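Worksheet: one structure, shown below.
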Amino acid sequence: TAALVADAREAGVEVLTLDARGDNTGALRLYRSLGFTEYGRLPAFVAVGERRYDKVFCMVDLRTGKRPAPGT
């Protein structure tokens with residue numbers, strides 16, 4: 001994922017977005033460590049059998065070259 005972000009930055013991509021299931025705490029922690037921030041959430045959007053999970057939308061703005069502080 002870090003290589004993807006670096007390649008996108010070099011290619012002039014301005015903003016990267018992704019989404020993850022709300023209970024995927026490992027992935028969400030990784031994305032935060034790479035500068036992604038949550039910008040939206042669809043509650044109980046993803047169904048897995050009888051269980052439902054939020055869909056979490058994240059983004060990183062590559063235009064400034066600055067990363068937000070983790071957890072913001």
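Letters for chains follow the order of the structure tokens (A, B, ...), residue numbers begin at 1 for each chain, and ligand numbers begin at 1 in the order shown.
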Run DSSP on the backbone and tell me which residues of chain A come out as alpha helix (DSSP H); list them as number ranges by chain.
A: 2-10, 25-33
What's the 12 Å shell around Leu4 (chain A), counting only C-alpha atoms, without same-chain residues fewer than 3 positions away, as a list in words?
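Within the cut-off, the hits are Thr1, Asp7, Ala8, Arg9, Glu10, Ala11, Val13, Leu16, Thr17, Tyr31, Leu34 and Val60 of chain A.
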With N, CA, C and O atoms kept, could you save the residues just selected as a PDB file, in the first residue's frame?
ATOM      1  N   THR A   1       0.829  -1.194   0.000  1.00  0.00           N
ATOM      2  CA  THR A   1       0.000   0.000   0.000  1.00  0.00           C
ATOM      3  C   THR A   1       0.870   1.252   0.000  1.00  0.00           C
ATOM      4  O   THR A   1       0.568   2.212  -0.692  1.00  0.00           O
ATOM      5  N   ASP A   7       3.815   5.696  -5.642  1.00  0.00           N
ATOM      6  CA  ASP A   7       3.683   5.714  -7.104  1.00  0.00           C
ATOM      7  C   ASP A   7       2.627   6.728  -7.547  1.00  0.00           C
ATOM      8  O   ASP A   7       2.819   7.444  -8.534  1.00  0.00           O
ATOM      9  N   ALA A   8       1.524   6.794  -6.821  1.00  0.00           N
ATOM     10  CA  ALA A   8       0.469   7.753  -7.147  1.00  0.00           C
ATOM     11  C   ALA A   8       0.983   9.177  -6.998  1.00  0.00           C
ATOM     12  O   ALA A   8       0.724  10.037  -7.849  1.00  0.00           O
ATOM     13  N   ARG A   9       1.728   9.428  -5.936  1.00  0.00           N
ATOM     14  CA  ARG A   9       2.288  10.758  -5.717  1.00  0.00           C
ATOM     15  C   ARG A   9       3.221  11.137  -6.868  1.00  0.00           C
ATOM     16  O   ARG A   9       3.140  12.233  -7.423  1.00  0.00           O
ATOM     17  N   GLU A  10       4.109  10.219  -7.246  1.00  0.00           N
ATOM     18  CA  GLU A  10       5.037  10.470  -8.361  1.00  0.00           C
ATOM     19  C   GLU A  10       4.307  10.704  -9.673  1.00  0.00           C
ATOM     20  O   GLU A  10       4.755  11.486 -10.506  1.00  0.00           O
ATOM     21  N   ALA A  11       3.185  10.027  -9.876  1.00  0.00           N
ATOM     22  CA  ALA A  11       2.426  10.150 -11.119  1.00  0.00           C
ATOM     23  C   ALA A  11       1.561  11.409 -11.151  1.00  0.00           C
ATOM     24  O   ALA A  11       0.915  11.687 -12.151  1.00  0.00           O
ATOM     25  N   VAL A  13      -1.038  12.033  -9.083  1.00  0.00           N
ATOM     26  CA  VAL A  13      -2.397  11.815  -8.592  1.00  0.00           C
ATOM     27  C   VAL A  13      -2.640  12.767  -7.429  1.00  0.00           C
ATOM     28  O   VAL A  13      -1.778  12.924  -6.561  1.00  0.00           O
ATOM     29  N   LEU A  16      -6.196  10.019  -3.395  1.00  0.00           N
ATOM     30  CA  LEU A  16      -6.490   8.588  -3.423  1.00  0.00           C
ATOM     31  C   LEU A  16      -7.626   8.316  -2.464  1.00  0.00           C
ATOM     32  O   LEU A  16      -7.664   8.884  -1.361  1.00  0.00           O
ATOM     33  N   THR A  17      -8.550   7.459  -2.863  1.00  0.00           N
ATOM     34  CA  THR A  17      -9.630   7.049  -1.980  1.00  0.00           C
ATOM     35  C   THR A  17      -9.669   5.529  -1.913  1.00  0.00           C
ATOM     36  O   THR A  17      -9.177   4.836  -2.813  1.00  0.00           O
ATOM     37  N   TYR A  31      -4.098   2.116   6.932  1.00  0.00           N
ATOM     38  CA  TYR A  31      -4.414   3.280   6.099  1.00  0.00           C
ATOM     39  C   TYR A  31      -4.156   4.582   6.860  1.00  0.00           C
ATOM     40  O   TYR A  31      -3.602   5.535   6.305  1.00  0.00           O
ATOM     41  N   LEU A  34      -0.621   5.573   6.871  1.00  0.00           N
ATOM     42  CA  LEU A  34      -0.150   6.070   5.577  1.00  0.00           C
ATOM     43  C   LEU A  34      -0.723   7.442   5.240  1.00  0.00           C
ATOM     44  O   LEU A  34      -0.508   7.957   4.151  1.00  0.00           O
ATOM     45  N   VAL A  60      -6.613  10.181   1.032  1.00  0.00           N
ATOM     46  CA  VAL A  60      -5.382  10.895   1.336  1.00  0.00           C
ATOM     47  C   VAL A  60      -5.182  11.922   0.224  1.00  0.00           C
ATOM     48  O   VAL A  60      -5.324  11.620  -0.957  1.00  0.00           O
TER      49      VAL A  60
END
